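So this one's start_24.pdb, PDB, N, CA and C atoms:
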ATOM      1  N   MET E 704     -43.159 -46.392   4.037
ATOM      2  CA  MET E 704     -43.699 -45.121   4.426
ATOM      3  C   MET E 704     -44.991 -45.283   5.212
ATOM      4  N   GLN E 705     -45.391 -46.492   5.391
ATOM      5  CA  GLN E 705     -46.641 -46.683   6.105
ATOM      6  C   GLN E 705     -46.488 -46.312   7.573
ATOM      7  N   GLY E 706     -45.305 -46.563   8.151
ATOM      8  CA  GLY E 706     -45.112 -46.302   9.558
ATOM      9  C   GLY E 706     -44.776 -44.846   9.851
ATOM     10  N   GLN E 707     -44.542 -44.078   8.824
ATOM     11  CA  GLN E 707     -44.159 -42.687   9.034
ATOM     12  C   GLN E 707     -45.381 -41.793   9.001
ATOM     13  N   SER E 708     -45.380 -40.850   9.888
ATOM     14  CA  SER E 708     -46.493 -39.910   9.898
ATOM     15  C   SER E 708     -46.169 -38.746   8.972
ATOM     16  N   CYS E 709     -47.154 -37.939   8.772
ATOM     17  CA  CYS E 709     -47.017 -36.772   7.907
ATOM     18  C   CYS E 709     -45.967 -35.815   8.469
ATOM     19  N   GLY E 710     -45.890 -35.709   9.787
ATOM     20  CA  GLY E 710     -44.900 -34.833  10.427
ATOM     21  C   GLY E 710     -43.475 -35.294  10.185
ATOM     22  N   ASP E 711     -43.262 -36.615  10.152
ATOM     23  CA  ASP E 711     -41.926 -37.148   9.893
ATOM     24  C   ASP E 711     -41.474 -36.823   8.469
ATOM     25  N   VAL E 712     -42.366 -36.893   7.505
ATOM     26  CA  VAL E 712     -42.046 -36.601   6.108
ATOM     27  C   VAL E 712     -41.667 -35.128   5.963
ATOM     28  N   ILE E 713     -42.411 -34.252   6.612
ATOM     29  CA  ILE E 713     -42.126 -32.812   6.544
ATOM     30  C   ILE E 713     -40.778 -32.533   7.207
ATOM     31  N   LEU E 714     -40.487 -33.198   8.313
ATOM     32  CA  LEU E 714     -39.222 -33.003   9.003
ATOM     33  C   LEU E 714     -38.053 -33.447   8.134
ATOM     34  N   LYS E 715     -38.190 -34.545   7.384
ATOM     35  CA  LYS E 715     -37.140 -35.022   6.494
ATOM     36  C   LYS E 715     -36.903 -34.030   5.366
ATOM     37  N   LYS E 716     -37.975 -33.478   4.812
ATOM     38  CA  LYS E 716     -37.841 -32.493   3.738
ATOM     39  C   LYS E 716     -37.145 -31.239   4.264
ATOM     40  N   ASN E 717     -37.476 -30.851   5.484
ATOM     41  CA  ASN E 717     -36.834 -29.668   6.075
ATOM     42  C   ASN E 717     -35.344 -29.920   6.326
ATOM     43  N   ARG E 718     -34.993 -31.130   6.708
ATOM     44  CA  ARG E 718     -33.589 -31.473   6.905
ATOM     45  C   ARG E 718     -32.831 -31.408   5.591
ATOM     46  N   ASN E 719     -33.482 -31.841   4.531
ATOM     47  CA  ASN E 719     -32.834 -31.792   3.218
ATOM     48  C   ASN E 719     -32.617 -30.345   2.758
ATOM     49  N   LEU E 720     -33.447 -29.433   3.186
ATOM     50  CA  LEU E 720     -33.299 -28.026   2.821
ATOM     51  C   LEU E 720     -32.371 -27.288   3.789
ATOM     52  N   PHE E 721     -32.234 -27.801   4.995
ATOM     53  CA  PHE E 721     -31.466 -27.124   6.028
ATOM     54  C   PHE E 721     -29.995 -26.960   5.640
ATOM     55  N   PHE E 722     -29.348 -27.993   5.180
ATOM     56  CA  PHE E 722     -27.925 -27.929   4.829
ATOM     57  C   PHE E 722     -27.647 -26.949   3.682
ATOM     58  N   PRO E 723     -28.381 -26.997   2.580
ATOM     59  CA  PRO E 723     -28.114 -26.020   1.513
ATOM     60  C   PRO E 723     -28.364 -24.566   1.940
ATOM     61  N   ILE E 724     -29.383 -24.345   2.752
ATOM     62  CA  ILE E 724     -29.672 -22.983   3.200
ATOM     63  C   ILE E 724     -28.547 -22.475   4.102
ATOM     64  N   ILE E 725     -28.108 -23.276   5.038
ATOM     65  CA  ILE E 725     -27.013 -22.894   5.933
ATOM     66  C   ILE E 725     -25.725 -22.703   5.133
ATOM     67  N   SER E 726     -25.486 -23.565   4.163
ATOM     68  CA  SER E 726     -24.276 -23.435   3.329
ATOM     69  C   SER E 726     -24.287 -22.123   2.556
ATOM     70  N   CYS E 727     -25.415 -21.770   1.981
ATOM     71  CA  CYS E 727     -25.531 -20.500   1.251
ATOM     72  C   CYS E 727     -25.322 -19.315   2.187
ATOM     73  N   PHE E 728     -25.881 -19.405   3.380
ATOM     74  CA  PHE E 728     -25.719 -18.337   4.355
ATOM     75  C   PHE E 728     -24.241 -18.115   4.691
ATOM     76  N   PHE E 729     -23.509 -19.181   4.973
ATOM     77  CA  PHE E 729     -22.092 -19.054   5.302
ATOM     78  C   PHE E 729     -21.264 -18.623   4.091
ATOM     79  N   LEU E 730     -21.646 -19.050   2.912
ATOM     80  CA  LEU E 730     -20.958 -18.622   1.700
ATOM     81  C   LEU E 730     -21.122 -17.116   1.487
ATOM     82  N   ILE E 731     -22.321 -16.619   1.703
ATOM     83  CA  ILE E 731     -22.579 -15.180   1.581
ATOM     84  C   ILE E 731     -21.772 -14.416   2.625
ATOM     85  N   LEU E 732     -21.726 -14.919   3.854
ATOM     86  CA  LEU E 732     -20.915 -14.282   4.896
ATOM     87  C   LEU E 732     -19.439 -14.279   4.527
ATOM     88  N   LEU E 733     -18.956 -15.380   3.981
ATOM     89  CA  LEU E 733     -17.558 -15.492   3.597
ATOM     90  C   LEU E 733     -17.188 -14.468   2.529
ATOM     91  N   ILE E 734     -18.083 -14.204   1.629
ATOM     92  CA  ILE E 734     -17.793 -13.292   0.522
ATOM     93  C   ILE E 734     -18.006 -11.835   0.904
ATOM     94  N   PHE E 735     -19.083 -11.501   1.566
ATOM     95  CA  PHE E 735     -19.500 -10.110   1.699
ATOM     96  C   PHE E 735     -19.280  -9.453   3.063
ATOM     97  N   ASN E 736     -18.834 -10.152   4.086
ATOM     98  CA  ASN E 736     -18.680  -9.477   5.372
ATOM     99  C   ASN E 736     -17.385  -8.656   5.408
ATOM    100  N   ASP E 737     -17.100  -8.007   6.540
ATOM    101  CA  ASP E 737     -15.950  -7.104   6.650
ATOM    102  C   ASP E 737     -14.609  -7.802   6.474
ATOM    103  N   THR E 738     -14.548  -9.072   6.774
ATOM    104  CA  THR E 738     -13.303  -9.820   6.594
ATOM    105  C   THR E 738     -13.448 -10.858   5.490
ATOM    106  N   GLY E 739     -14.338 -10.613   4.566
ATOM    107  CA  GLY E 739     -14.625 -11.565   3.505
ATOM    108  C   GLY E 739     -13.654 -11.477   2.342
ATOM    109  N   LEU E 740     -13.964 -12.224   1.310
ATOM    110  CA  LEU E 740     -13.095 -12.317   0.141
ATOM    111  C   LEU E 740     -12.971 -10.990  -0.608
ATOM    112  N   ILE E 741     -14.044 -10.238  -0.707
ATOM    113  CA  ILE E 741     -13.996  -8.973  -1.432
ATOM    114  C   ILE E 741     -13.062  -8.003  -0.713
ATOM    115  N   LYS E 742     -13.203  -7.885   0.589
ATOM    116  CA  LYS E 742     -12.338  -7.009   1.379
ATOM    117  C   LYS E 742     -10.894  -7.487   1.309
ATOM    118  N   TRP E 743     -10.693  -8.801   1.359
ATOM    119  CA  TRP E 743      -9.352  -9.376   1.266
ATOM    120  C   TRP E 743      -8.699  -9.012  -0.055
ATOM    121  N   TYR E 744      -9.453  -9.109  -1.157
ATOM    122  CA  TYR E 744      -8.918  -8.774  -2.479
ATOM    123  C   TYR E 744      -8.562  -7.292  -2.555
ATOM    124  N   GLN E 745      -9.419  -6.420  -2.013
ATOM    125  CA  GLN E 745      -9.142  -4.983  -2.020
ATOM    126  C   GLN E 745      -7.878  -4.674  -1.216
ATOM    127  N   LEU E 746      -7.738  -5.285  -0.063
ATOM    128  CA  LEU E 746      -6.556  -5.059   0.769
ATOM    129  C   LEU E 746      -5.298  -5.590   0.101
ATOM    130  N   ARG E 747      -5.410  -6.714  -0.567
ATOM    131  CA  ARG E 747      -4.261  -7.285  -1.275
ATOM    132  C   ARG E 747      -3.808  -6.363  -2.403
ATOM    133  N   THR E 748      -4.765  -5.810  -3.143
ATOM    134  CA  THR E 748      -4.448  -4.884  -4.227
ATOM    135  C   THR E 748      -3.797  -3.613  -3.677
ATOM    136  N   GLU E 749      -4.329  -3.096  -2.591
ATOM    137  CA  GLU E 749      -3.772  -1.892  -1.967
ATOM    138  C   GLU E 749      -2.360  -2.171  -1.448
ATOM    139  N   ARG E 750      -2.150  -3.345  -0.890
ATOM    140  CA  ARG E 750      -0.825  -3.721  -0.376
ATOM    141  C   ARG E 750       0.196  -3.768  -1.504
ATOM    142  N   LYS E 751      -0.174  -4.336  -2.659
ATOM    143  CA  LYS E 751       0.736  -4.392  -3.799
ATOM    144  C   LYS E 751       1.103  -2.988  -4.269
ATOM    145  N   LYS E 752       0.121  -2.092  -4.286
ATOM    146  CA  LYS E 752       0.371  -0.710  -4.708
ATOM    147  C   LYS E 752       1.323  -0.020  -3.735
ATOM    148  N   ILE E 753       1.105  -0.229  -2.448
ATOM    149  CA  ILE E 753       1.963   0.386  -1.432
ATOM    150  C   ILE E 753       3.387  -0.158  -1.530
ATOM    151  N   ILE E 754       3.529  -1.450  -1.763
ATOM    152  CA  ILE E 754       4.860  -2.048  -1.905
ATOM    153  C   ILE E 754       5.573  -1.462  -3.121
ATOM    154  N   ALA E 755       4.848  -1.274  -4.225
ATOM    155  CA  ALA E 755       5.448  -0.670  -5.415
ATOM    156  C   ALA E 755       5.881   0.767  -5.135
ATOM    157  N   ASP E 756       5.055   1.515  -4.404
ATOM    158  CA  ASP E 756       5.410   2.889  -4.040
ATOM    159  C   ASP E 756       6.658   2.913  -3.160
ATOM    160  N   ILE E 757       6.740   1.988  -2.235
ATOM    161  CA  ILE E 757       7.903   1.916  -1.349
ATOM    162  C   ILE E 757       9.167   1.628  -2.151
ATOM    163  N   GLN E 758       9.074   0.693  -3.092
ATOM    164  CA  GLN E 758      10.236   0.364  -3.920
ATOM    165  C   GLN E 758      10.691   1.575  -4.735
ATOM    166  N   LYS E 759       9.716   2.317  -5.263
ATOM    167  CA  LYS E 759      10.048   3.516  -6.035
ATOM    168  C   LYS E 759      10.728   4.556  -5.145
ATOM    169  N   MET E 760      10.218   4.723  -3.930
ATOM    170  CA  MET E 760      10.820   5.687  -3.002
ATOM    171  C   MET E 760      12.216   5.265  -2.577
ATOM    172  N   ILE E 761      12.448   3.973  -2.403
ATOM    173  CA  ILE E 761      13.771   3.481  -2.036
ATOM    174  C   ILE E 761      14.767   3.768  -3.154
ATOM    175  N   SER E 762      14.361   3.530  -4.397
ATOM    176  CA  SER E 762      15.276   3.817  -5.505
ATOM    177  C   SER E 762      15.536   5.317  -5.631
ATOM    178  N   THR E 763      14.518   6.137  -5.405
ATOM    179  CA  THR E 763      14.707   7.588  -5.423
ATOM    180  C   THR E 763      15.659   8.020  -4.309
ATOM    181  N   GLU E 764      15.501   7.417  -3.143
ATOM    182  CA  GLU E 764      16.378   7.739  -2.017
ATOM    183  C   GLU E 764      17.831   7.393  -2.341
ATOM    184  N   LYS E 765      18.056   6.254  -3.007
ATOM    185  CA  LYS E 765      19.419   5.862  -3.383
ATOM    186  C   LYS E 765      20.016   6.868  -4.361
ATOM    187  N   LEU E 766      19.220   7.302  -5.337
ATOM    188  CA  LEU E 766      19.706   8.292  -6.301
ATOM    189  C   LEU E 766      20.044   9.613  -5.607
ATOM    190  N   LEU E 767      19.192  10.036  -4.685
ATOM    191  CA  LEU E 767      19.441  11.285  -3.972
ATOM    192  C   LEU E 767      20.667  11.176  -3.066
ATOM    193  N   ALA E 768      20.845  10.029  -2.436
ATOM    194  CA  ALA E 768      22.027   9.834  -1.584
ATOM    195  C   ALA E 768      23.299   9.883  -2.428
ATOM    196  N   LYS E 769      23.234   9.307  -3.620
ATOM    197  CA  LYS E 769      24.386   9.348  -4.528
ATOM    198  C   LYS E 769      24.666  10.790  -4.955
ATOM    199  N   GLU E 770      23.624  11.536  -5.267
ATOM    200  CA  GLU E 770      23.769  12.936  -5.662
ATOM    201  C   GLU E 770      24.359  13.761  -4.516
ATOM    202  N   ILE E 771      23.906  13.531  -3.305
ATOM    203  CA  ILE E 771      24.447  14.238  -2.137
ATOM    204  C   ILE E 771      25.936  13.932  -1.969
ATOM    205  N   SER E 772      26.277  12.665  -2.132
ATOM    206  CA  SER E 772      27.674  12.262  -2.014
ATOM    207  C   SER E 772      28.529  12.966  -3.067
ATOM    208  N   LEU E 773      28.026  13.024  -4.297
ATOM    209  CA  LEU E 773      28.765  13.714  -5.358
ATOM    210  C   LEU E 773      28.912  15.199  -5.050
ATOM    211  N   LEU E 774      27.866  15.814  -4.539
ATOM    212  CA  LEU E 774      27.929  17.241  -4.228
ATOM    213  C   LEU E 774      28.880  17.538  -3.072
ATOM    214  N   GLU E 775      28.988  16.615  -2.149
ATOM    215  CA  GLU E 775      29.872  16.820  -1.003
ATOM    216  C   GLU E 775      31.336  16.556  -1.336
ATOM    217  N   ASN E 776      31.583  15.645  -2.279
ATOM    218  CA  ASN E 776      32.952  15.165  -2.483
ATOM    219  C   ASN E 776      33.555  15.457  -3.854
ATOM    220  N   ASN E 777      32.764  15.808  -4.847
ATOM    221  CA  ASN E 777      33.273  15.924  -6.205
ATOM    222  C   ASN E 777      33.106  17.356  -6.706
ATOM    223  N   GLU E 778      34.208  18.066  -6.775
ATOM    224  CA  GLU E 778      34.164  19.462  -7.201
ATOM    225  C   GLU E 778      33.827  19.597  -8.685
ATOM    226  N   GLU E 779      34.272  18.642  -9.485
ATOM    227  CA  GLU E 779      33.961  18.684 -10.924
ATOM    228  C   GLU E 779      32.453  18.557 -11.174
ATOM    229  N   HIS E 780      31.808  17.729 -10.374
ATOM    230  CA  HIS E 780      30.357  17.562 -10.508
ATOM    231  C   HIS E 780      29.637  18.869 -10.167
ATOM    232  N   ILE E 781      30.119  19.569  -9.154
ATOM    233  CA  ILE E 781      29.516  20.847  -8.774
ATOM    234  C   ILE E 781      29.670  21.858  -9.899
ATOM    235  N   LYS E 782      30.858  21.899 -10.505
ATOM    236  CA  LYS E 782      31.083  22.820 -11.627
ATOM    237  C   LYS E 782      30.176  22.492 -12.808
ATOM    238  N   LYS E 783      30.044  21.207 -13.080
ATOM    239  CA  LYS E 783      29.192  20.781 -14.188
ATOM    240  C   LYS E 783      27.741  21.199 -13.946
ATOM    241  N   LEU E 784      27.243  20.992 -12.732
ATOM    242  CA  LEU E 784      25.870  21.400 -12.409
ATOM    243  C   LEU E 784      25.702  22.912 -12.513
ATOM    244  N   ALA E 785      26.705  23.644 -12.047
ATOM    245  CA  ALA E 785      26.627  25.103 -12.109
ATOM    246  C   ALA E 785      26.539  25.569 -13.556
ATOM    247  N   ARG E 786      27.268  24.950 -14.434
ATOM    248  CA  ARG E 786      27.220  25.319 -15.854
ATOM    249  C   ARG E 786      25.885  24.941 -16.486
ATOM    250  N   GLU E 787      25.416  23.741 -16.209
ATOM    251  CA  GLU E 787      24.192  23.261 -16.864
ATOM    252  C   GLU E 787      22.929  23.937 -16.328
ATOM    253  N   LYS E 788      22.812  24.024 -15.027
ATOM    254  CA  LYS E 788      21.564  24.518 -14.450
ATOM    255  C   LYS E 788      21.519  26.029 -14.307
ATOM    256  N   PHE E 789      22.653  26.624 -14.013
ATOM    257  CA  PHE E 789      22.655  28.057 -13.706
ATOM    258  C   PHE E 789      23.365  28.883 -14.777
ATOM    259  N   HIS E 790      23.771  28.243 -15.860
ATOM    260  CA  HIS E 790      24.397  28.903 -17.007
ATOM    261  C   HIS E 790      25.603  29.736 -16.584
ATOM    262  N   MET E 791      26.407  29.203 -15.697
ATOM    263  CA  MET E 791      27.617  29.871 -15.258
ATOM    264  C   MET E 791      28.753  29.510 -16.211
ATOM    265  N   VAL E 792      29.694  30.422 -16.362
ATOM    266  CA  VAL E 792      30.822  30.197 -17.271
ATOM    267  C   VAL E 792      32.122  30.542 -16.562
ATOM    268  N   LYS E 793      33.205  29.980 -17.087
ATOM    269  CA  LYS E 793      34.535  30.319 -16.603
ATOM    270  C   LYS E 793      34.934  31.657 -17.216
ATOM    271  N   PRO E 794      35.828  32.349 -16.596
ATOM    272  CA  PRO E 794      36.301  33.611 -17.200
ATOM    273  C   PRO E 794      36.909  33.354 -18.575
ATOM    274  N   GLY E 795      36.482  34.116 -19.548
ATOM    275  CA  GLY E 795      37.004  33.998 -20.903
ATOM    276  C   GLY E 795      36.177  33.081 -21.797
ATOM    277  N   GLU E 796      35.235  32.343 -21.252
ATOM    278  CA  GLU E 796      34.386  31.473 -22.079
ATOM    279  C   GLU E 796      33.269  32.281 -22.704
ATOM    280  N   LYS E 797      32.811  31.817 -23.855
ATOM    281  CA  LYS E 797      31.682  32.450 -24.529
ATOM    282  C   LYS E 797      30.532  31.457 -24.597
ATOM    283  N   ILE E 798      29.329  31.970 -24.449
ATOM    284  CA  ILE E 798      28.131  31.127 -24.526
ATOM    285  C   ILE E 798      27.425  31.426 -25.844
ATOM    286  N   PHE E 799      27.088  30.384 -26.551
ATOM    287  CA  PHE E 799      26.303  30.517 -27.765
ATOM    288  C   PHE E 799      24.932  29.938 -27.490
ATOM    289  N   LYS E 800      23.922  30.755 -27.665
ATOM    290  CA  LYS E 800      22.560  30.309 -27.427
ATOM    291  C   LYS E 800      21.908  30.042 -28.772
ATOM    292  N   ILE E 801      21.385  28.840 -28.935
ATOM    293  CA  ILE E 801      20.747  28.450 -30.187
ATOM    294  C   ILE E 801      19.255  28.656 -30.036
ATOM    295  N   ILE E 802      18.697  29.415 -30.967
ATOM    296  CA  ILE E 802      17.271  29.725 -30.932
ATOM    297  C   ILE E 802      16.566  28.828 -31.943
ATOM    298  N   ASN E 803      15.507  28.209 -31.515
ATOM    299  CA  ASN E 803      14.707  27.376 -32.398
ATOM    300  C   ASN E 803      13.774  28.297 -33.186
ATOM    301  N   ARG E 804      14.017  28.428 -34.475
ATOM    302  CA  ARG E 804      13.242  29.372 -35.284
ATOM    303  C   ARG E 804      11.784  28.950 -35.432
ATOM    304  N   ARG E 805      11.515  27.678 -35.371
ATOM    305  CA  ARG E 805      10.123  27.227 -35.493
ATOM    306  C   ARG E 805       9.278  27.758 -34.352
ATOM    307  N   LYS E 806       9.824  27.727 -33.148
ATOM    308  CA  LYS E 806       9.091  28.248 -32.003
ATOM    309  C   LYS E 806       8.916  29.753 -32.100
ATOM    310  N   VAL E 807       9.945  30.451 -32.555
ATOM    311  CA  VAL E 807       9.873  31.898 -32.701
ATOM    312  C   VAL E 807       8.838  32.270 -33.761
ATOM    313  N   ASP E 808       8.834  31.555 -34.893
ATOM    314  CA  ASP E 808       7.886  31.817 -35.965
ATOM    315  C   ASP E 808       6.463  31.554 -35.511
ATOM    316  N   ASN E 809       6.246  30.526 -34.721
ATOM    317  CA  ASN E 809       4.902  30.206 -34.229
ATOM    318  C   ASN E 809       4.413  31.262 -33.251
ATOM    319  N   LYS E 810       5.299  31.837 -32.460
ATOM    320  CA  LYS E 810       4.892  32.883 -31.510
ATOM    321  C   LYS E 810       4.517  34.166 -32.222
ATOM    322  N   ILE E 811       5.180  34.456 -33.335
ATOM    323  CA  ILE E 811       4.913  35.687 -34.089
ATOM    324  C   ILE E 811       3.545  35.595 -34.780
ATOM    325  N   LYS E 812       3.211  34.440 -35.298
ATOM    326  CA  LYS E 812       1.961  34.277 -36.036
ATOM    327  C   LYS E 812       0.830  34.359 -35.110
TER     328      LYS E 812
END
Rendering of file as structure tokens:
Amino acid sequence: MQGQSCGDVILKKNRNLFFPIISCFFLILLIFNDTGLIKWYQLRTERKKIIADIQKMISTEKLLAKEISLLENNEEHIKKLAREKFHMVKPGEKIFKIINRRKVDNKIK
């Protein structure tokens, strides 16, 4: 160290600090900027949610297409729906309506 001046020693110390400081700077940029890890994770999570929604919609579409096909081609299915949803009956049939007494008793009280 006899041949080194005070300026050379300070320059060496600064070089030793330069790499860690630059590394921290780039690490912070990698994590927190607009295309960083946090944004990437948020986009990945949103993408998974959208894919799940798409899968659910595709299955719903298949069920609806099947229902449309049944309504267009199956007369028995139409009759069944008319009876269940619209309380329609064939001539001569009788409908028996069952009343839940617990609900009626609760409404009276």
Open item on the list: Which of chain E end up as helix (DSSP H, G or I) when DSSP is run on this backbone - answer as a PyMOL selection string?
Closed with: chain E and resi 709-735+740-776+778-789+804-811
A straight line from CA of His780 (chain E) to CA of Leu767 (chain E) spans 14.2 Å
query = Any idea what the distance is between atom C of Phe789 (chain E) and atom N of Ile771 (chain E)?
reply =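 Computing the Euclidean distance for atom C of Phe789 (chain E) and atom N of Ile771 (chain E) yields 19.2 Å.
Take CA of Lys782 (chain E) and atom C of Glu764 (chain E): the distance between them is 22.4 Å.
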